[in-house]
>>> print(open('final_10.txt').read())   # compact mmCIF, C-alpha atoms
# COMPACT_ATOMS: atom_id res chain seq x y z
CA MET A 1 0.00 0.00 0.00
CA LEU A 2 2.83 2.38 0.81
CA ARG A 3 4.56 1.68 -2.50
CA THR A 4 1.33 2.53 -4.28
CA ALA A 5 0.74 5.71 -2.26
CA ARG A 6 4.20 6.94 -3.28
CA ARG A 7 3.03 7.12 -6.90
CA ALA A 8 0.44 9.76 -5.97
CA THR A 9 3.09 12.44 -6.51
CA LYS A 10 2.83 11.77 -10.25
CA LEU A 11 -0.66 13.27 -10.23
CA LEU A 12 -0.18 15.75 -7.39
CA GLY A 13 2.90 17.35 -8.92
CA GLU A 14 3.86 20.55 -7.11
CA SER A 15 0.80 20.20 -4.89
CA SER A 16 2.63 17.41 -3.05
CA ALA A 17 4.32 20.10 -0.95
CA LEU A 18 0.92 21.35 0.22
CA VAL A 19 -0.03 17.84 1.34
CA VAL A 20 3.24 17.56 3.28
CA ASP A 21 2.53 20.89 4.98
CA PHE A 22 -0.97 19.78 5.91
CA VAL A 23 0.21 16.51 7.43
CA ARG A 24 2.98 18.25 9.35
CA SER A 25 0.40 20.69 10.74
CA ALA A 26 -1.27 17.69 12.41
CA PHE A 27 1.93 16.73 14.26
CA ALA A 28 1.55 17.32 17.99
CA ASP A 29 4.15 18.43 20.52
CA ASP A 30 4.12 15.03 22.23
CA GLY A 31 5.19 13.21 19.05
CA GLY A 32 1.82 11.86 17.89
CA PHE A 33 -0.47 13.00 15.11
CA LYS A 34 -3.76 14.72 15.93
CA ASP A 35 -7.21 13.27 15.53
CA ARG A 36 -10.30 15.26 14.59
CA ALA A 37 -10.46 16.68 18.11
CA ALA A 38 -6.87 17.96 17.73
CA LYS A 39 -5.56 15.43 20.28
CA SER A 40 -2.71 13.01 19.72
CA ASP A 41 -4.02 9.62 18.71
CA LEU A 42 -2.21 6.37 17.96
CA TYR A 43 -4.62 5.52 15.13
CA TYR A 44 -4.08 8.84 13.35
CA THR A 45 -0.35 8.61 13.96
CA VAL A 46 -0.24 5.63 11.59
CA PHE A 47 -1.68 7.73 8.79
CA GLY A 48 0.50 10.73 9.55
CA ILE A 49 3.63 8.58 9.31
CA GLU A 50 2.43 6.81 6.16
CA CYS A 51 1.56 10.10 4.43
CA LEU A 52 4.95 11.65 5.07
CA ALA A 53 6.73 8.43 4.06
CA ALA A 54 4.71 8.22 0.84
CA LEU A 55 5.57 11.81 -0.03
CA GLY A 56 9.28 11.37 0.70
CA ALA A 57 9.22 13.86 3.57
CA ASP A 58 11.44 13.63 6.64
CA LEU A 59 10.00 11.87 9.66
CA PRO A 60 10.68 13.18 13.19
CA THR A 61 11.47 9.62 14.21
CA GLU A 62 12.92 10.37 17.65
CA ARG A 63 9.88 12.34 18.82
CA ILE A 64 7.46 9.78 17.36
CA GLY A 65 9.42 6.97 19.00
CA LYS A 66 9.05 8.59 22.42
CA TYR A 67 5.31 8.93 21.83
CA LEU A 68 5.08 5.23 20.94
CA ASP A 69 7.03 4.31 24.08
CA SER A 70 4.11 5.58 26.16
CA PHE A 71 1.93 2.74 24.85
CA GLU A 72 4.27 -0.18 25.40
CA GLU A 73 2.85 -1.04 28.82
CA ALA A 74 -0.72 0.04 28.10
CA PRO A 75 -2.78 -3.07 28.96
CA SER A 76 -6.06 -1.61 27.70
CA LEU A 77 -5.13 -1.36 24.02
CA ASP A 78 -7.55 -3.21 21.77
CA LEU A 79 -6.47 -5.03 18.63
CA VAL A 80 -6.91 -1.96 16.42
CA HIS A 81 -4.46 0.04 18.49
CA LEU A 82 -2.06 -2.88 18.94
CA ALA A 83 -1.94 -3.18 15.16
CA CYS A 84 -1.39 0.58 14.92
CA LEU A 85 1.51 0.33 17.35
CA ALA A 86 3.08 -2.45 15.27
CA ARG A 87 2.62 -0.48 12.04
CA CYS A 88 4.14 2.66 13.53
CA ARG A 89 7.16 0.77 14.86
CA ALA A 90 7.73 -0.90 11.50
CA ALA A 91 7.27 2.36 9.58
CA LEU A 92 9.95 4.14 11.61
CA GLY A 93 12.52 1.63 10.34
CA GLY A 94 15.19 -0.23 12.20
CA GLU A 95 14.86 -3.51 14.06
CA ILE A 96 12.02 -3.79 16.53
CA PRO A 97 13.43 -5.19 19.80
CA PRO A 98 12.59 -8.93 20.12
CA ARG A 99 10.95 -8.48 23.53
CA MET A 100 8.64 -5.83 22.07
CA VAL A 101 7.79 -8.09 19.13
CA ALA A 102 7.00 -11.00 21.45
CA ARG A 103 4.83 -8.85 23.69
CA LEU A 104 2.80 -7.45 20.77
CA VAL A 105 2.41 -10.87 19.16
CA ASP A 106 1.13 -12.33 22.44
CA ARG A 107 -1.36 -9.52 22.96
CA ILE A 108 -2.63 -9.71 19.39
CA GLY A 109 -2.81 -13.50 19.62
CA ALA A 110 -5.02 -13.17 22.68
CA CYS A 111 -7.60 -11.53 20.41
CA ARG A 112 -7.94 -14.68 18.30
CA ALA A 113 -11.59 -15.68 18.52
CA GLY A 114 -12.99 -19.16 18.85
CA ASP A 115 -13.90 -19.36 15.16
CA GLY A 116 -10.34 -18.71 13.96
CA ALA A 117 -10.84 -15.05 13.05
CA PHE A 118 -9.59 -12.14 15.15
CA ALA A 119 -11.73 -9.92 17.35
CA HIS A 120 -11.12 -6.45 18.72
CA THR A 121 -10.73 -7.75 22.26
CA PRO A 122 -9.79 -11.10 23.87
CA GLY A 123 -12.32 -13.75 24.82
CA CYS A 124 -14.71 -13.51 21.87
CA ASP A 125 -16.40 -16.49 20.22
CA GLY A 126 -16.34 -14.88 16.79
CA GLY A 127 -14.11 -12.31 15.08
CA THR A 128 -14.47 -9.91 12.17
CA VAL A 129 -12.85 -9.51 8.76
CA TYR A 130 -11.61 -6.04 9.73
CA ALA A 131 -9.88 -7.23 12.90
CA SER A 132 -8.43 -10.20 11.03
CA PHE A 133 -7.05 -7.93 8.31
CA LEU A 134 -5.36 -5.77 10.95
CA ALA A 135 -3.95 -8.78 12.78
CA LEU A 136 -2.53 -10.16 9.55
CA GLY A 137 -0.88 -6.82 8.77
CA ALA A 138 0.52 -6.57 12.28
CA HIS A 139 2.17 -9.98 12.01
CA GLU A 140 3.72 -8.90 8.71
CA ASP A 141 4.97 -5.65 10.27
CA LEU A 142 6.50 -7.57 13.15
CA GLY A 143 8.13 -10.13 10.85
CA VAL A 144 6.26 -13.04 12.43
CA GLY A 145 4.25 -15.67 10.58
CA LEU A 146 0.56 -15.90 11.36
CA PRO A 147 -0.30 -19.09 13.32
CA GLN A 148 -2.85 -21.45 11.76
CA PRO A 149 -3.48 -19.45 8.57
CA LYS A 150 -5.92 -22.06 7.20
CA GLN A 151 -8.27 -21.37 10.09
CA LEU A 152 -8.28 -17.69 9.20
CA ILE A 153 -8.90 -18.44 5.52
CA GLU A 154 -11.91 -20.55 6.43
CA ALA A 155 -13.23 -17.93 8.86
CA ILE A 156 -13.00 -15.17 6.26
CA LYS A 157 -14.70 -17.27 3.58
CA GLU A 158 -17.56 -17.96 6.00
CA ARG A 159 -18.23 -14.22 5.96
CA GLU A 160 -19.20 -14.06 2.28
CA ALA A 161 -22.56 -12.29 2.25
CA ALA A 162 -25.68 -13.79 0.72
CA GLU A 163 -26.11 -11.00 -1.84
CA GLY A 164 -22.41 -10.69 -2.68
CA GLY A 165 -19.27 -9.23 -1.20
CA PHE A 166 -18.19 -9.87 2.37
CA GLY A 167 -19.58 -8.79 5.71
CA ASN A 168 -17.73 -8.58 9.00
CA GLU A 169 -19.70 -11.47 10.46
CA PRO A 170 -21.03 -14.76 9.05
CA ARG A 171 -24.40 -15.03 7.33
CA MET A 172 -24.89 -11.33 6.66
CA ALA A 173 -27.30 -10.46 3.87
CA GLN A 174 -25.15 -7.77 2.25
CA GLY A 175 -21.47 -7.05 2.15
CA THR A 176 -19.72 -3.69 2.30
CA THR A 177 -16.98 -2.31 0.12
CA PRO A 178 -14.28 -1.83 2.81
CA VAL A 179 -14.87 -5.29 4.30
CA THR A 180 -14.95 -6.96 0.88
CA ALA A 181 -11.68 -5.27 -0.06
CA ALA A 182 -10.08 -6.37 3.22
CA ALA A 183 -11.28 -9.95 2.70
CA MET A 184 -9.93 -10.07 -0.86
CA ILE A 185 -6.54 -8.68 0.15
CA ALA A 186 -6.23 -10.98 3.18
CA LEU A 187 -7.26 -14.10 1.25
CA ASP A 188 -4.83 -13.29 -1.54
CA PHE A 189 -2.00 -12.81 0.95
CA LEU A 190 -2.84 -16.08 2.72
CA GLY A 191 -3.09 -18.03 -0.52
CA GLY A 192 -6.83 -18.62 -0.29
CA ALA A 193 -8.29 -16.97 -3.39
CA ALA A 194 -11.43 -14.88 -3.01
CA PRO A 195 -14.41 -15.80 -5.19
CA GLU A 196 -14.25 -14.33 -8.70
CA SER A 197 -17.59 -12.71 -8.00
CA SER A 198 -15.97 -10.45 -5.37
CA ALA A 199 -14.24 -8.26 -7.97
CA ARG A 200 -17.45 -7.98 -9.99
CA TRP A 201 -19.34 -7.06 -6.82
CA LEU A 202 -16.83 -4.31 -6.06
CA LEU A 203 -17.07 -2.93 -9.58
CA GLU A 204 -20.83 -2.71 -9.15
CA ARG A 205 -20.26 -0.36 -6.21
CA ARG A 206 -18.71 2.22 -8.56
CA HIS A 207 -20.66 5.46 -8.64
CA GLU A 208 -21.15 7.42 -11.87
CA SER A 209 -18.81 10.05 -10.42
CA GLY A 210 -15.90 7.60 -10.50
CA GLY A 211 -15.86 7.01 -6.76
CA PHE A 212 -17.08 3.90 -4.94
CA VAL A 213 -19.91 3.66 -2.41
CA ALA A 214 -19.58 1.74 0.86
CA ALA A 215 -22.72 -0.32 0.23
CA ALA A 216 -25.42 -0.70 -2.40
CA ALA A 217 -27.77 1.66 -0.57
CA ALA A 218 -25.16 4.33 0.24
CA PRO A 219 -26.19 7.70 -1.25
CA LEU A 220 -22.69 9.07 -1.83
CA PRO A 221 -19.30 7.65 -2.78
CA ASP A 222 -16.53 8.11 -0.25
CA LEU A 223 -12.76 8.22 -0.33
CA LEU A 224 -12.11 5.24 1.97
CA SER A 225 -14.30 2.92 -0.10
CA THR A 226 -12.76 4.23 -3.32
CA ALA A 227 -9.17 3.74 -2.20
CA VAL A 228 -9.60 0.24 -0.79
CA ALA A 229 -11.76 -0.89 -3.71
CA LEU A 230 -9.09 0.23 -6.18
CA HIS A 231 -6.44 -1.53 -4.09
CA ALA A 232 -8.33 -4.82 -3.98
CA LEU A 233 -9.31 -4.65 -7.65
CA ARG A 234 -5.72 -4.02 -8.69
CA GLY A 235 -4.69 -7.07 -6.70
CA ALA A 236 -7.34 -9.05 -8.56
CA GLY A 237 -5.85 -7.97 -11.90
CA VAL A 238 -8.53 -5.42 -12.83
CA THR A 239 -7.43 -2.40 -14.87
CA PHE A 240 -9.01 1.02 -14.58
CA HIS A 241 -8.83 2.25 -18.18
CA ASP A 242 -12.61 2.54 -18.58
CA PHE A 243 -13.12 4.85 -15.61
CA ARG A 244 -9.69 6.21 -14.68
CA GLU A 245 -10.40 9.85 -15.60
CA GLU A 246 -13.69 9.90 -13.70
CA SER A 247 -12.04 8.39 -10.64
CA VAL A 248 -9.20 10.91 -10.71
CA ASP A 249 -11.78 13.71 -10.90
CA PHE A 250 -13.66 12.25 -7.93
CA VAL A 251 -10.56 12.01 -5.74
CA GLU A 252 -9.45 15.50 -6.70
CA SER A 253 -12.91 16.84 -5.82
CA LEU A 254 -12.20 15.85 -2.21
CA TRP A 255 -8.86 17.65 -2.05
CA SER A 256 -8.53 20.99 -0.32
CA GLY A 257 -6.18 23.79 -1.30
CA THR A 258 -4.78 23.55 2.22
CA GLY A 259 -3.35 20.14 1.30
CA GLY A 260 -5.67 17.64 3.01
CA PHE A 261 -8.46 15.38 1.78
CA ARG A 262 -12.01 15.02 3.10
CA GLY A 263 -13.87 11.74 3.28
CA HIS A 264 -16.83 12.62 1.04
CA TRP A 265 -18.64 15.58 -0.48
CA ALA A 266 -20.74 16.28 2.62
CA GLU A 267 -17.67 16.28 4.87
CA GLU A 268 -15.86 19.45 5.83
CA THR A 269 -13.20 18.11 8.20
CA LEU A 270 -9.79 17.18 6.83
CA ASP A 271 -7.53 14.67 8.55
CA CYS A 272 -4.47 12.47 8.05
CA GLU A 273 -6.52 9.31 7.61
CA TYR A 274 -8.45 10.46 4.56
CA THR A 275 -5.39 12.22 3.22
CA TYR A 276 -3.63 8.86 3.20
CA TYR A 277 -6.57 7.26 1.39
CA GLY A 278 -6.39 10.08 -1.14
CA LEU A 279 -2.74 9.25 -1.76
CA LEU A 280 -3.50 5.53 -2.05
CA ALA A 281 -6.28 6.11 -4.58
CA LEU A 282 -4.19 8.52 -6.66
CA GLY A 283 -1.30 6.11 -6.55
CA HIS A 284 -3.38 3.42 -8.23
CA LEU A 285 -4.82 5.88 -10.74
CA ALA A 286 -1.39 7.25 -11.63
CA GLU A 287 -0.38 3.97 -13.29
>>> encode(input="final_10.txt", output="structure tokens")
Amino acid sequence: MLRTARRATKLLGESSALVVDFVRSAFADDGGFKDRAAKSDLYYTVFGIECLAALGADLPTERIGKYLDSFEEAPSLDLVHLACLARCRAALGGEIPPRMVARLVDRIGACRAGDGAFAHTPGCDGGTVYASFLALGAHEDLGVGLPQPKQLIEAIKEREAAEGGFGNEPRMAQGTTPVTAAAMIALDFLGGAAPESSARWLLERRHESGGFVAAAAAPLPDLLSTAVALHALRGAGVTFHDFREESVDFVESLWSGTGGFRGHWAEETLDCEYTYYGLLALGHLAE
């Protein structure tokens, strides 16, 4: 994903500097990146780091490292934030200390649900595709193989929705675009191919504007759904020739002259998360 996001500069051109300035404006004094309430947040720190790395900008690694140190003994972190911590550590470069790797792997492993998927917290009977996708990425970031991958493949496949796509839980009637994209990417990585119908289902979520909607009934396309749909479709071998220009126009319509991206047309707030998804989408469309 980061390699793809780096290609966004081909379409951004000189505007890349504005995006760098926007992301840097979200950097807090304590070494984290700010959320929508202007407070440092581990989740948003992932996207701040990834944006600057994609744009080739310098990272204040020492200050970020000290911020990350404050979470090492935080017992209340759920799987989402444990995965964020792993991603941040990997993104800063250098070897992650073995004791830290072991501790994170153990805490993430505790979130493995009874059905083989991963859940947000320990002790759950069933997990979700989203949590499983994050756990898989965290193991990759930490350089550790995922235990019992076949169980996870089976658990994800059980979450294929009745009307197409994938839902977070088994036996859902309808899938969603972000979850379907996560399922396709995870299955491909694990060597358990997603159904061919998944790519067709994603393509049917494309809005006439060039963006993608989160679900069949969603009134507006959004940047998250667009970026992850493009990422999953590219992995499935789909090309974007037929709608590339429309999709570029859609992504650019969500860009602000101050350098950040908003999530959809009705959104006014800019943040590092959607700015990263803007870079990811443009990176795919720049090819």
>>> residues_around(input="final_10.txt", residues="Phe22 in chain A", least_positions_apart="5", cutoff="10 Å", atoms="only C-alpha atoms", output="PyMOL selection string")
chain A and resi 16-17+27+48+256-261+270-272+275
>>> closest_atom_pairs(input="final_10.txt", of="range 46-127 of chain A", to="range 149-162 of chain A", cutoff="8 Å", atoms="all atoms listed in the file", output="tab-separated table")
residue	atom	partner	partner_atom	distance
A:Asp115	CA	A:Ala155	CA	6.5
A:Gly116	CA	A:Gln151	CA	5.1
A:Ala117	CA	A:Leu152	CA	5.3
>>> residues_around(input="final_10.txt", residues="Gly210 in chain A", least_positions_apart="2", cutoff="10 Å", atoms="all atoms listed in the file", output="VMD selection string")
chain A and resid 206 to 208 212 to 213 221 226 243 to 251
>>> residues_around(input="final_10.txt", residues="Arg3 in chain A", least_positions_apart="3", cutoff="10 Å", atoms="only C-alpha atoms", output="list in words")
Arg6, Arg7, Ala8, Ala53, Ala54, Leu280, Gly283 and His284 of chain A
>>> residues_around(input="final_10.txt", residues="Arg87 in chain A", least_positions_apart="6", cutoff="12 Å", atoms="only C-alpha atoms", output="list in words")
Leu2, Leu42, Tyr43, Tyr44, Thr45, Val46, Phe47, Gly48, Ile49, Glu50, Leu68, Val80, His81, Gly93, Ile96, Val101, Leu104, Leu134, Ala135, Leu136, Gly137, Ala138, His139, Glu140, Asp141, Leu142 and Gly143 of chain A
>>> atom_distance(input="final_10.txt", atom1="CA of Thr4 in chain A", atom2="CA of Lys39 in chain A")
28.6 Å
>>> closest_residue(input="final_10.txt", among="A:Pro178, A:Arg262, A:Leu59, A:Cys51", to="Ala5 in chain A", atoms="all atoms listed in the file")
A:Cys51
>>> residues_around(input="final_10.txt", residues="Arg200 in chain A", least_positions_apart="5", cutoff="10 Å", atoms="only C-alpha atoms", output="count of residues only")
6
>>> closest_residue(input="final_10.txt", among="A:Trp265, A:Tyr274, A:Trp201, A:Phe33", to="Thr177 in chain A", atoms="all atoms listed in the file")
A:Trp201
>>> atom_distance(input="final_10.txt", atom1="CA of His120 in chain A", atom2="CA of Leu230 in chain A")
25.9 Å
>>> closest_residue(input="final_10.txt", among="A:Tyr130, A:Gly263, A:Leu92, A:Ser197", to="Glu163 in chain A", atoms="all atoms listed in the file")
A:Ser197
>>> atom_distance(input="final_10.txt", atom1="CA of Gly145 in chain A", atom2="CA of Glu73 in chain A")
23.4 Å
>>> decode(input="final_10.txt", residues="range 13-56 of chain A", atoms="N, CA and C atoms", output="PDB file, in the first residue's frame")
ATOM      1  N   GLY A  13       1.912  16.390  -8.443  1.00  0.00           N
ATOM      2  CA  GLY A  13       2.901  17.348  -8.923  1.00  0.00           C
ATOM      3  C   GLY A  13       3.373  18.270  -7.813  1.00  0.00           C
ATOM      4  N   GLU A  14       3.386  19.572  -8.092  1.00  0.00           N
ATOM      5  CA  GLU A  14       3.862  20.546  -7.113  1.00  0.00           C
ATOM      6  C   GLU A  14       2.957  20.637  -5.888  1.00  0.00           C
ATOM      7  N   SER A  15       1.714  20.168  -6.028  1.00  0.00           N
ATOM      8  CA  SER A  15       0.796  20.200  -4.890  1.00  0.00           C
ATOM      9  C   SER A  15       1.208  19.232  -3.789  1.00  0.00           C
ATOM     10  N   SER A  16       2.144  18.338  -4.088  1.00  0.00           N
ATOM     11  CA  SER A  16       2.632  17.414  -3.054  1.00  0.00           C
ATOM     12  C   SER A  16       3.147  18.168  -1.840  1.00  0.00           C
ATOM     13  N   ALA A  17       3.772  19.312  -2.068  1.00  0.00           N
ATOM     14  CA  ALA A  17       4.317  20.096  -0.952  1.00  0.00           C
ATOM     15  C   ALA A  17       3.211  20.590  -0.030  1.00  0.00           C
ATOM     16  N   LEU A  18       2.048  20.911  -0.596  1.00  0.00           N
ATOM     17  CA  LEU A  18       0.921  21.349   0.224  1.00  0.00           C
ATOM     18  C   LEU A  18       0.415  20.209   1.109  1.00  0.00           C
ATOM     19  N   VAL A  19       0.414  18.997   0.561  1.00  0.00           N
ATOM     20  CA  VAL A  19      -0.028  17.844   1.338  1.00  0.00           C
ATOM     21  C   VAL A  19       0.944  17.603   2.497  1.00  0.00           C
ATOM     22  N   VAL A  20       2.243  17.718   2.223  1.00  0.00           N
ATOM     23  CA  VAL A  20       3.243  17.564   3.283  1.00  0.00           C
ATOM     24  C   VAL A  20       3.005  18.592   4.382  1.00  0.00           C
ATOM     25  N   ASP A  21       2.765  19.831   3.987  1.00  0.00           N
ATOM     26  CA  ASP A  21       2.531  20.888   4.978  1.00  0.00           C
ATOM     27  C   ASP A  21       1.295  20.589   5.823  1.00  0.00           C
ATOM     28  N   PHE A  22       0.242  20.099   5.163  1.00  0.00           N
ATOM     29  CA  PHE A  22      -0.974  19.782   5.911  1.00  0.00           C
ATOM     30  C   PHE A  22      -0.713  18.679   6.937  1.00  0.00           C
ATOM     31  N   VAL A  23      -0.044  17.618   6.521  1.00  0.00           N
ATOM     32  CA  VAL A  23       0.215  16.505   7.434  1.00  0.00           C
ATOM     33  C   VAL A  23       1.105  16.973   8.585  1.00  0.00           C
ATOM     34  N   ARG A  24       2.108  17.753   8.282  1.00  0.00           N
ATOM     35  CA  ARG A  24       2.981  18.250   9.350  1.00  0.00           C
ATOM     36  C   ARG A  24       2.224  19.145  10.328  1.00  0.00           C
ATOM     37  N   SER A  25       1.185  19.830   9.848  1.00  0.00           N
ATOM     38  CA  SER A  25       0.403  20.686  10.744  1.00  0.00           C
ATOM     39  C   SER A  25      -0.382  19.869  11.763  1.00  0.00           C
ATOM     40  N   ALA A  26      -0.550  18.569  11.484  1.00  0.00           N
ATOM     41  CA  ALA A  26      -1.267  17.693  12.411  1.00  0.00           C
ATOM     42  C   ALA A  26      -0.330  17.021  13.407  1.00  0.00           C
ATOM     43  N   PHE A  27       0.952  17.332  13.351  1.00  0.00           N
ATOM     44  CA  PHE A  27       1.931  16.725  14.264  1.00  0.00           C
ATOM     45  C   PHE A  27       1.899  17.465  15.588  1.00  0.00           C
ATOM     46  N   ALA A  28       1.698  16.714  16.668  1.00  0.00           N
ATOM     47  CA  ALA A  28       1.547  17.317  17.995  1.00  0.00           C
ATOM     48  C   ALA A  28       2.884  17.402  18.729  1.00  0.00           C
ATOM     49  N   ASP A  29       2.915  18.212  19.754  1.00  0.00           N
ATOM     50  CA  ASP A  29       4.146  18.426  20.516  1.00  0.00           C
ATOM     51  C   ASP A  29       4.638  17.149  21.191  1.00  0.00           C
ATOM     52  N   ASP A  30       3.708  16.240  21.511  1.00  0.00           N
ATOM     53  CA  ASP A  30       4.116  15.031  22.230  1.00  0.00           C
ATOM     54  C   ASP A  30       4.637  13.934  21.310  1.00  0.00           C
ATOM     55  N   GLY A  31       4.637  14.181  19.985  1.00  0.00           N
ATOM     56  CA  GLY A  31       5.189  13.210  19.048  1.00  0.00           C
ATOM     57  C   GLY A  31       4.163  12.370  18.320  1.00  0.00           C
ATOM     58  N   GLY A  32       2.875  12.552  18.627  1.00  0.00           N
ATOM     59  CA  GLY A  32       1.823  11.858  17.893  1.00  0.00           C
ATOM     60  C   GLY A  32       1.198  12.761  16.847  1.00  0.00           C
ATOM     61  N   PHE A  33       0.289  12.208  16.076  1.00  0.00           N
ATOM     62  CA  PHE A  33      -0.468  13.001  15.113  1.00  0.00           C
ATOM     63  C   PHE A  33      -1.890  13.182  15.616  1.00  0.00           C
ATOM     64  N   LYS A  34      -2.475  14.333  15.341  1.00  0.00           N
ATOM     65  CA  LYS A  34      -3.756  14.720  15.931  1.00  0.00           C
ATOM     66  C   LYS A  34      -4.941  14.057  15.235  1.00  0.00           C
ATOM     67  N   ASP A  35      -5.953  13.759  16.068  1.00  0.00           N
ATOM     68  CA  ASP A  35      -7.210  13.269  15.533  1.00  0.00           C
ATOM     69  C   ASP A  35      -8.107  14.455  15.201  1.00  0.00           C
ATOM     70  N   ARG A  36      -9.386  14.184  14.975  1.00  0.00           N
ATOM     71  CA  ARG A  36     -10.299  15.264  14.590  1.00  0.00           C
ATOM     72  C   ARG A  36     -10.607  16.216  15.738  1.00  0.00           C
ATOM     73  N   ALA A  37     -10.290  15.804  16.955  1.00  0.00           N
ATOM     74  CA  ALA A  37     -10.459  16.684  18.108  1.00  0.00           C
ATOM     75  C   ALA A  37      -9.158  17.393  18.465  1.00  0.00           C
ATOM     76  N   ALA A  38      -8.179  17.303  17.553  1.00  0.00           N
ATOM     77  CA  ALA A  38      -6.873  17.957  17.732  1.00  0.00           C
ATOM     78  C   ALA A  38      -6.085  17.384  18.909  1.00  0.00           C
ATOM     79  N   LYS A  39      -6.325  16.105  19.233  1.00  0.00           N
ATOM     80  CA  LYS A  39      -5.564  15.432  20.279  1.00  0.00           C
ATOM     81  C   LYS A  39      -4.727  14.315  19.670  1.00  0.00           C
ATOM     82  N   SER A  40      -3.560  14.083  20.219  1.00  0.00           N
ATOM     83  CA  SER A  40      -2.706  13.011  19.717  1.00  0.00           C
ATOM     84  C   SER A  40      -3.438  11.678  19.805  1.00  0.00           C
ATOM     85  N   ASP A  41      -3.305  10.882  18.773  1.00  0.00           N
ATOM     86  CA  ASP A  41      -4.023   9.618  18.709  1.00  0.00           C
ATOM     87  C   ASP A  41      -3.166   8.595  17.971  1.00  0.00           C
ATOM     88  N   LEU A  42      -3.044   7.413  18.545  1.00  0.00           N
ATOM     89  CA  LEU A  42      -2.211   6.367  17.957  1.00  0.00           C
ATOM     90  C   LEU A  42      -2.708   5.960  16.580  1.00  0.00           C
ATOM     91  N   TYR A  43      -4.018   5.891  16.416  1.00  0.00           N
ATOM     92  CA  TYR A  43      -4.615   5.516  15.134  1.00  0.00           C
ATOM     93  C   TYR A  43      -4.242   6.531  14.050  1.00  0.00           C
ATOM     94  N   TYR A  44      -4.401   7.809  14.335  1.00  0.00           N
ATOM     95  CA  TYR A  44      -4.080   8.841  13.350  1.00  0.00           C
ATOM     96  C   TYR A  44      -2.575   8.977  13.133  1.00  0.00           C
ATOM     97  N   THR A  45      -1.802   8.559  14.125  1.00  0.00           N
ATOM     98  CA  THR A  45      -0.352   8.611  13.961  1.00  0.00           C
ATOM     99  C   THR A  45       0.107   7.676  12.853  1.00  0.00           C
ATOM    100  N   VAL A  46      -0.550   6.523  12.712  1.00  0.00           N
ATOM    101  CA  VAL A  46      -0.241   5.625  11.593  1.00  0.00           C
ATOM    102  C   VAL A  46      -0.346   6.369  10.267  1.00  0.00           C
ATOM    103  N   PHE A  47      -1.447   7.070  10.075  1.00  0.00           N
ATOM    104  CA  PHE A  47      -1.683   7.726   8.791  1.00  0.00           C
ATOM    105  C   PHE A  47      -0.765   8.928   8.590  1.00  0.00           C
ATOM    106  N   GLY A  48      -0.449   9.627   9.679  1.00  0.00           N
ATOM    107  CA  GLY A  48       0.501  10.731   9.550  1.00  0.00           C
ATOM    108  C   GLY A  48       1.860  10.241   9.092  1.00  0.00           C
ATOM    109  N   ILE A  49       2.342   9.165   9.705  1.00  0.00           N
ATOM    110  CA  ILE A  49       3.632   8.585   9.314  1.00  0.00           C
ATOM    111  C   ILE A  49       3.592   8.111   7.869  1.00  0.00           C
ATOM    112  N   GLU A  50       2.526   7.384   7.509  1.00  0.00           N
ATOM    113  CA  GLU A  50       2.431   6.815   6.161  1.00  0.00           C
ATOM    114  C   GLU A  50       2.356   7.909   5.095  1.00  0.00           C
ATOM    115  N   CYS A  51       1.644   8.989   5.395  1.00  0.00           N
ATOM    116  CA  CYS A  51       1.562  10.098   4.426  1.00  0.00           C
ATOM    117  C   CYS A  51       2.932  10.713   4.169  1.00  0.00           C
ATOM    118  N   LEU A  52       3.642  11.024   5.239  1.00  0.00           N
ATOM    119  CA  LEU A  52       4.955  11.645   5.071  1.00  0.00           C
ATOM    120  C   LEU A  52       5.925  10.699   4.369  1.00  0.00           C
ATOM    121  N   ALA A  53       5.851   9.406   4.712  1.00  0.00           N
ATOM    122  CA  ALA A  53       6.729   8.434   4.059  1.00  0.00           C
ATOM    123  C   ALA A  53       6.404   8.326   2.573  1.00  0.00           C
ATOM    124  N   ALA A  54       5.116   8.326   2.238  1.00  0.00           N
ATOM    125  CA  ALA A  54       4.712   8.222   0.837  1.00  0.00           C
ATOM    126  C   ALA A  54       5.170   9.426   0.025  1.00  0.00           C
ATOM    127  N   LEU A  55       5.209  10.579   0.664  1.00  0.00           N
ATOM    128  CA  LEU A  55       5.569  11.811  -0.027  1.00  0.00           C
ATOM    129  C   LEU A  55       7.064  12.107   0.043  1.00  0.00           C
ATOM    130  N   GLY A  56       7.829  11.199   0.637  1.00  0.00           N
ATOM    131  CA  GLY A  56       9.275  11.369   0.699  1.00  0.00           C
ATOM    132  C   GLY A  56       9.717  12.461   1.650  1.00  0.00           C
TER     133      GLY A  56
END
